[in-house]
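Structure file my_file-v3.tsv; described as TSV, C-alpha atoms.
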chain	number	residue	atom	x	y	z
A	1	MET	CA	9.88	-7.49	-32.40
A	2	THR	CA	13.41	-8.47	-31.67
A	3	ASP	CA	15.62	-11.47	-32.34
A	4	ASP	CA	17.37	-11.10	-28.97
A	5	PRO	CA	16.47	-14.15	-26.84
A	6	GLY	CA	16.97	-12.28	-23.55
A	7	PHE	CA	14.85	-9.28	-24.53
A	8	TYR	CA	11.69	-10.42	-22.78
A	9	ASP	CA	13.50	-11.63	-19.68
A	10	ARG	CA	15.14	-8.22	-19.27
A	11	ALA	CA	11.81	-6.46	-19.81
A	12	LEU	CA	10.12	-8.60	-17.15
A	13	ALA	CA	12.96	-7.99	-14.69
A	14	ARG	CA	12.68	-4.24	-15.34
A	15	MET	CA	8.94	-4.38	-14.68
A	16	ASP	CA	9.60	-6.02	-11.31
A	17	ARG	CA	12.15	-3.35	-10.37
A	18	ILE	CA	9.86	-0.55	-11.54
A	19	ALA	CA	6.94	-1.97	-9.53
A	20	ILE	CA	9.06	-2.20	-6.38
A	21	ILE	CA	10.30	1.38	-6.80
A	22	LEU	CA	6.78	2.67	-7.44
A	23	GLY	CA	5.51	0.74	-4.43
A	24	ALA	CA	8.18	2.23	-2.19
A	25	LEU	CA	7.40	5.74	-3.46
A	26	ALA	CA	3.68	5.18	-2.83
A	27	VAL	CA	4.35	3.98	0.72
A	28	VAL	CA	6.46	7.07	1.46
A	29	PHE	CA	3.78	9.33	-0.05
A	30	PHE	CA	0.96	7.80	1.99
A	31	PHE	CA	3.09	7.79	5.14
A	32	ALA	CA	3.51	11.55	4.75
A	33	ARG	CA	-0.15	12.03	3.83
A	34	GLU	CA	-1.99	9.61	6.13
A	35	GLY	CA	0.51	8.35	8.69
A	36	TRP	CA	1.54	4.81	9.48
A	37	ARG	CA	-1.89	3.27	8.83
A	38	GLY	CA	-2.01	4.66	5.31
A	39	ALA	CA	1.55	3.54	4.67
A	40	LEU	CA	0.87	0.04	6.01
A	41	GLY	CA	-2.31	-0.34	3.95
A	42	CYS	CA	-0.51	0.94	0.88
A	43	ALA	CA	2.40	-1.44	1.51
A	44	LEU	CA	0.09	-4.45	1.83
A	45	ALA	CA	-1.80	-3.54	-1.33
A	46	ALA	CA	1.45	-2.83	-3.22
A	47	PHE	CA	2.82	-6.20	-2.15
A	48	ALA	CA	-0.40	-7.86	-3.35
A	49	SER	CA	-0.16	-6.01	-6.66
A	50	ILE	CA	3.45	-7.03	-7.27
A	51	TYR	CA	2.72	-10.61	-6.21
A	52	ASN	CA	-0.27	-10.68	-8.56
A	53	LEU	CA	1.87	-9.38	-11.43
A	54	ARG	CA	4.32	-12.23	-10.91
A	55	ARG	CA	1.56	-14.83	-10.64
A	56	LEU	CA	-0.11	-13.57	-13.82
A	57	ARG	CA	3.21	-13.90	-15.62
A	58	ALA	CA	3.55	-17.48	-14.34
A	59	LEU	CA	-0.04	-18.21	-15.36
A	60	ALA	CA	0.60	-16.94	-18.88
A	61	THR	CA	3.68	-19.13	-19.11
A	62	ARG	CA	1.79	-22.22	-17.91
A	63	LEU	CA	-1.20	-21.60	-20.16
A	64	GLY	CA	1.10	-21.16	-23.14
A	65	ALA	CA	2.85	-24.42	-22.38
A	66	SER	CA	0.01	-26.72	-21.33
A	67	GLY	CA	-3.33	-25.01	-21.90
A	68	SER	CA	-4.54	-26.07	-18.43
A	69	ALA	CA	-7.84	-24.54	-17.28
A	70	GLY	CA	-7.13	-25.28	-13.60
A	71	SER	CA	-4.69	-22.39	-13.45
A	72	ALA	CA	-7.42	-20.00	-14.54
A	73	VAL	CA	-9.62	-21.15	-11.66
A	74	LEU	CA	-6.79	-20.51	-9.21
A	75	ALA	CA	-6.32	-17.05	-10.71
A	76	GLY	CA	-10.00	-16.33	-10.11
A	77	LEU	CA	-9.68	-17.43	-6.49
A	78	ARG	CA	-6.64	-15.20	-6.13
A	79	PHE	CA	-8.67	-12.20	-7.29
A	80	LEU	CA	-11.39	-13.09	-4.78
A	81	LEU	CA	-8.80	-13.20	-2.00
A	82	LEU	CA	-7.40	-9.89	-3.21
A	83	GLY	CA	-10.86	-8.33	-2.97
A	84	ILE	CA	-11.31	-9.69	0.56
A	85	LEU	CA	-7.88	-8.33	1.54
A	86	CYS	CA	-8.81	-4.88	0.23
A	87	PHE	CA	-12.10	-4.95	2.13
A	88	VAL	CA	-10.37	-5.90	5.39
A	89	ILE	CA	-7.67	-3.24	4.98
A	90	ILE	CA	-10.21	-0.49	4.29
A	91	LYS	CA	-12.97	-1.52	6.69
A	92	TYR	CA	-11.12	-2.78	9.74
A	93	PHE	CA	-7.77	-1.01	9.61
A	94	GLY	CA	-9.25	2.38	8.69
A	95	VAL	CA	-7.02	2.92	5.67
A	96	SER	CA	-8.34	5.16	2.94
A	97	ALA	CA	-9.61	3.51	-0.21
A	98	GLY	CA	-7.34	5.83	-2.23
A	99	ALA	CA	-4.22	4.41	-0.59
A	100	VAL	CA	-5.29	0.83	-1.22
A	101	PHE	CA	-6.52	1.25	-4.77
A	102	SER	CA	-3.61	3.39	-5.89
A	103	ALA	CA	-1.24	0.73	-4.57
A	104	LEU	CA	-3.18	-1.97	-6.43
A	105	LEU	CA	-2.54	-0.09	-9.66
A	106	ILE	CA	1.23	-0.23	-9.18
A	107	SER	CA	1.59	-3.28	-11.42
A	108	VAL	CA	-0.37	-1.51	-14.17
A	109	ALA	CA	1.84	1.56	-13.79
A	110	ALA	CA	4.95	-0.64	-13.98
A	111	VAL	CA	3.76	-2.16	-17.25
A	112	LEU	CA	3.03	1.30	-18.68
A	113	VAL	CA	6.44	2.62	-17.64
A	114	GLU	CA	8.07	-0.42	-19.26
A	115	ILE	CA	6.15	0.24	-22.48
A	116	LEU	CA	7.35	3.85	-22.48
A	117	TYR	CA	10.90	2.68	-21.78
A	118	GLU	CA	10.80	0.33	-24.76
A	119	LEU	CA	9.32	3.00	-27.02
A	120	ILE	CA	12.01	5.50	-26.07
A	121	PHE	CA	15.14	3.37	-25.75
A	122	THR	CA	14.66	0.47	-28.17
A	123	PRO	CA	15.96	1.24	-31.65
What would you get if you wrote out this structure as structure tokens?
Amino acid sequence: MTDDPGFYDRALARMDRIAIILGALAVVFFFAREGWRGALGCALAAFASIYNLRRLRALATRLGASGSAGSAVLAGLRFLLLGILCFVIIKYFGVSAGAVFSALLISVAAVLVEILYELIFTP
């Protein structure tokens, strides 16, 4: 733990930047591998993943402050919409499931990269 008040804000900002960079790299990779459809599906799923990461952070902040259960219901609905979006991208746009699901894991990868960063560079 640290006594620096800006520590967590900087870590969260780094996670956003890492997620955007990983998303861009994934889009380029799937453009080269599967063409524009794969890149578009990957971009949509990466956007959803980054948006979900930000909403989960806001949910954690609200739950810590107020303890409201209504926010948890909205989070559940968001996951349902995310599942529907993935289904539509795969089924109707013909994008591979690998492109969509790897892009959905971008927020997880960003968190893991941030953990490694903190382990390596924090004294």
CA of Trp36 in chain A to CA of Ala19 in chain A measures 20.9 Å
Selected residue, from A:Asp9, A:Glu118, A:Asp4, A:Glu34, that lies nearest to Arg57 in chain A when counting all atoms listed in the file:
A:Asp9
For Ala97 in chain A, which residue out of A:Phe121, A:Phe30, A:Phe79, A:Phe47 is the nearest one, using all atoms listed in the file?
A:Phe30
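Between CA of Ala26 in chain A and CA of Phe101 in chain A the interatomic distance comes to 11.1 Å.
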Using all atoms listed in the file, which residues of range 12-59 of chain A come within 12 Å of range 105-110 of chain A, and what is the closest atom pair for each, with the distance in Å to one decimal? Give it as CSV, sorted by chain and residue number.
residue,atom,partner,partner_atom,distance
A:Leu12,CA,A:Ala110,CA,10.0
A:Ala13,CA,A:Ala110,CA,10.9
A:Arg14,CA,A:Ala110,CA,8.6
A:Met15,CA,A:Ala110,CA,5.5
A:Asp16,CA,A:Ala110,CA,7.6
A:Arg17,CA,A:Ala110,CA,8.5
A:Ile18,CA,A:Ala110,CA,5.5
A:Ala19,CA,A:Ala110,CA,5.1
A:Ile20,CA,A:Ile106,CA,8.5
A:Ile21,CA,A:Ala110,CA,9.2
A:Leu22,CA,A:Ile106,CA,6.5
A:Gly23,CA,A:Ile106,CA,6.5
A:Ala24,CA,A:Ile106,CA,10.2
A:Leu25,CA,A:Ile106,CA,10.3
A:Ala26,CA,A:Ile106,CA,8.7
A:Val27,CA,A:Ile106,CA,11.2
A:Cys42,CA,A:Ile106,CA,10.3
A:Ala43,CA,A:Ile106,CA,10.8
A:Leu44,CA,A:Ile106,CA,11.8
A:Ala45,CA,A:Ile106,CA,9.0
A:Ala46,CA,A:Ile106,CA,6.5
A:Phe47,CA,A:Ile106,CA,9.4
A:Ala48,CA,A:Ser107,CA,9.5
A:Ser49,CA,A:Ser107,CA,5.8
A:Ile50,CA,A:Ser107,CA,5.9
A:Tyr51,CA,A:Ser107,CA,9.1
A:Asn52,CA,A:Ser107,CA,8.1
A:Leu53,CA,A:Ser107,CA,6.1
A:Arg54,CA,A:Ser107,CA,9.4
A:Arg55,CA,A:Ser107,CA,11.6
A:Leu56,CA,A:Ser107,CA,10.7
A:Arg57,CA,A:Ser107,CA,11.5
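Taking CA of Arg10 in chain A as the reference point, CA of Ala75 in chain A is found at 24.7 Å.
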Take every atom of range 27-44 of chain A listed in the file, pad by 5 Å on each side, and give me the axis-aligned box centre and edge lengths in Å, one decimal, as lines of an AutoDock Vina configuration file.
center_x = 2.1
center_y = 3.8
center_z = 4.7
size_x = 18.8
size_y = 26.5
size_z = 19.5
Option closest in space to Val100 in chain A, from A:Leu112, A:Ala39, A:Ile120, A:Leu63 [counting all atoms listed in the file]:
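Ranking A:Leu112, A:Ala39, A:Ile120, A:Leu63 by distance to Val100 in chain A, first place goes to A:Ala39.
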Pick from A:Thr122, A:Pro5, A:Gly41, A:Val111: nearest to Cys86 in chain A, with all atoms listed in the file counted?
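Using all atoms listed in the file, Cys86 in chain A sits closest to A:Gly41.
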Between A:Leu104, A:Val95, A:Leu116, A:Ala58, which has the minimum distance to Leu40 in chain A (counting all atoms listed in the file)?
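Looking only at the distances to Leu40 in chain A, the closest residue turns out to be A:Val95.
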Filled-in N, CA and C atoms of range 95-120 of chain A, supplied as a PDB file, keeping the file's coordinate frame:
ATOM      1  N   VAL A  95      -7.875   2.336   6.708  1.00  0.00           N
ATOM      2  CA  VAL A  95      -7.020   2.920   5.670  1.00  0.00           C
ATOM      3  C   VAL A  95      -7.914   3.461   4.569  1.00  0.00           C
ATOM      4  N   SER A  96      -7.523   4.572   3.995  1.00  0.00           N
ATOM      5  CA  SER A  96      -8.340   5.160   2.940  1.00  0.00           C
ATOM      6  C   SER A  96      -8.355   4.277   1.699  1.00  0.00           C
ATOM      7  N   ALA A  97      -9.473   4.304   1.023  1.00  0.00           N
ATOM      8  CA  ALA A  97      -9.610   3.510  -0.210  1.00  0.00           C
ATOM      9  C   ALA A  97      -8.612   3.995  -1.267  1.00  0.00           C
ATOM     10  N   GLY A  98      -8.297   5.290  -1.266  1.00  0.00           N
ATOM     11  CA  GLY A  98      -7.340   5.830  -2.230  1.00  0.00           C
ATOM     12  C   GLY A  98      -5.955   5.218  -2.075  1.00  0.00           C
ATOM     13  N   ALA A  99      -5.533   5.010  -0.832  1.00  0.00           N
ATOM     14  CA  ALA A  99      -4.220   4.410  -0.590  1.00  0.00           C
ATOM     15  C   ALA A  99      -4.183   2.971  -1.093  1.00  0.00           C
ATOM     16  N   VAL A 100      -5.255   2.239  -0.827  1.00  0.00           N
ATOM     17  CA  VAL A 100      -5.290   0.830  -1.220  1.00  0.00           C
ATOM     18  C   VAL A 100      -5.391   0.695  -2.737  1.00  0.00           C
ATOM     19  N   PHE A 101      -6.302   1.424  -3.339  1.00  0.00           N
ATOM     20  CA  PHE A 101      -6.520   1.250  -4.770  1.00  0.00           C
ATOM     21  C   PHE A 101      -5.380   1.835  -5.619  1.00  0.00           C
ATOM     22  N   SER A 102      -4.756   2.889  -5.140  1.00  0.00           N
ATOM     23  CA  SER A 102      -3.610   3.390  -5.890  1.00  0.00           C
ATOM     24  C   SER A 102      -2.445   2.398  -5.823  1.00  0.00           C
ATOM     25  N   ALA A 103      -2.292   1.733  -4.690  1.00  0.00           N
ATOM     26  CA  ALA A 103      -1.240   0.730  -4.570  1.00  0.00           C
ATOM     27  C   ALA A 103      -1.546  -0.491  -5.432  1.00  0.00           C
ATOM     28  N   LEU A 104      -2.820  -0.836  -5.577  1.00  0.00           N
ATOM     29  CA  LEU A 104      -3.180  -1.970  -6.430  1.00  0.00           C
ATOM     30  C   LEU A 104      -2.863  -1.703  -7.896  1.00  0.00           C
ATOM     31  N   LEU A 105      -2.824  -0.452  -8.276  1.00  0.00           N
ATOM     32  CA  LEU A 105      -2.540  -0.090  -9.660  1.00  0.00           C
ATOM     33  C   LEU A 105      -1.044   0.010  -9.966  1.00  0.00           C
ATOM     34  N   ILE A 106      -0.220  -0.318  -8.991  1.00  0.00           N
ATOM     35  CA  ILE A 106       1.230  -0.230  -9.180  1.00  0.00           C
ATOM     36  C   ILE A 106       1.696  -1.162 -10.292  1.00  0.00           C
ATOM     37  N   SER A 107       1.152  -2.359 -10.368  1.00  0.00           N
ATOM     38  CA  SER A 107       1.590  -3.280 -11.420  1.00  0.00           C
ATOM     39  C   SER A 107       1.199  -2.748 -12.801  1.00  0.00           C
ATOM     40  N   VAL A 108       0.042  -2.115 -12.897  1.00  0.00           N
ATOM     41  CA  VAL A 108      -0.370  -1.510 -14.170  1.00  0.00           C
ATOM     42  C   VAL A 108       0.579  -0.372 -14.538  1.00  0.00           C
ATOM     43  N   ALA A 109       0.915   0.450 -13.551  1.00  0.00           N
ATOM     44  CA  ALA A 109       1.840   1.560 -13.790  1.00  0.00           C
ATOM     45  C   ALA A 109       3.219   1.034 -14.212  1.00  0.00           C
ATOM     46  N   ALA A 110       3.656  -0.063 -13.607  1.00  0.00           N
ATOM     47  CA  ALA A 110       4.950  -0.640 -13.980  1.00  0.00           C
ATOM     48  C   ALA A 110       4.953  -1.113 -15.429  1.00  0.00           C
ATOM     49  N   VAL A 111       3.864  -1.715 -15.858  1.00  0.00           N
ATOM     50  CA  VAL A 111       3.760  -2.160 -17.250  1.00  0.00           C
ATOM     51  C   VAL A 111       3.781  -0.954 -18.190  1.00  0.00           C
ATOM     52  N   LEU A 112       3.055   0.100 -17.840  1.00  0.00           N
ATOM     53  CA  LEU A 112       3.030   1.300 -18.680  1.00  0.00           C
ATOM     54  C   LEU A 112       4.395   1.973 -18.762  1.00  0.00           C
ATOM     55  N   VAL A 113       5.099   2.038 -17.634  1.00  0.00           N
ATOM     56  CA  VAL A 113       6.440   2.620 -17.640  1.00  0.00           C
ATOM     57  C   VAL A 113       7.383   1.780 -18.494  1.00  0.00           C
ATOM     58  N   GLU A 114       7.244   0.449 -18.424  1.00  0.00           N
ATOM     59  CA  GLU A 114       8.070  -0.420 -19.260  1.00  0.00           C
ATOM     60  C   GLU A 114       7.766  -0.210 -20.738  1.00  0.00           C
ATOM     61  N   ILE A 115       6.505  -0.034 -21.083  1.00  0.00           N
ATOM     62  CA  ILE A 115       6.150   0.240 -22.480  1.00  0.00           C
ATOM     63  C   ILE A 115       6.793   1.545 -22.944  1.00  0.00           C
ATOM     64  N   LEU A 116       6.711   2.576 -22.127  1.00  0.00           N
ATOM     65  CA  LEU A 116       7.350   3.850 -22.480  1.00  0.00           C
ATOM     66  C   LEU A 116       8.860   3.692 -22.615  1.00  0.00           C
ATOM     67  N   TYR A 117       9.458   2.929 -21.704  1.00  0.00           N
ATOM     68  CA  TYR A 117      10.900   2.680 -21.780  1.00  0.00           C
ATOM     69  C   TYR A 117      11.254   2.037 -23.113  1.00  0.00           C
ATOM     70  N   GLU A 118      10.514   1.025 -23.491  1.00  0.00           N
ATOM     71  CA  GLU A 118      10.800   0.330 -24.760  1.00  0.00           C
ATOM     72  C   GLU A 118      10.589   1.247 -25.958  1.00  0.00           C
ATOM     73  N   LEU A 119       9.563   2.078 -25.906  1.00  0.00           N
ATOM     74  CA  LEU A 119       9.320   3.000 -27.020  1.00  0.00           C
ATOM     75  C   LEU A 119      10.439   4.032 -27.162  1.00  0.00           C
ATOM     76  N   ILE A 120      10.989   4.462 -26.039  1.00  0.00           N
ATOM     77  CA  ILE A 120      12.010   5.500 -26.070  1.00  0.00           C
ATOM     78  C   ILE A 120      13.398   4.932 -26.363  1.00  0.00           C
TER      79      ILE A 120
END
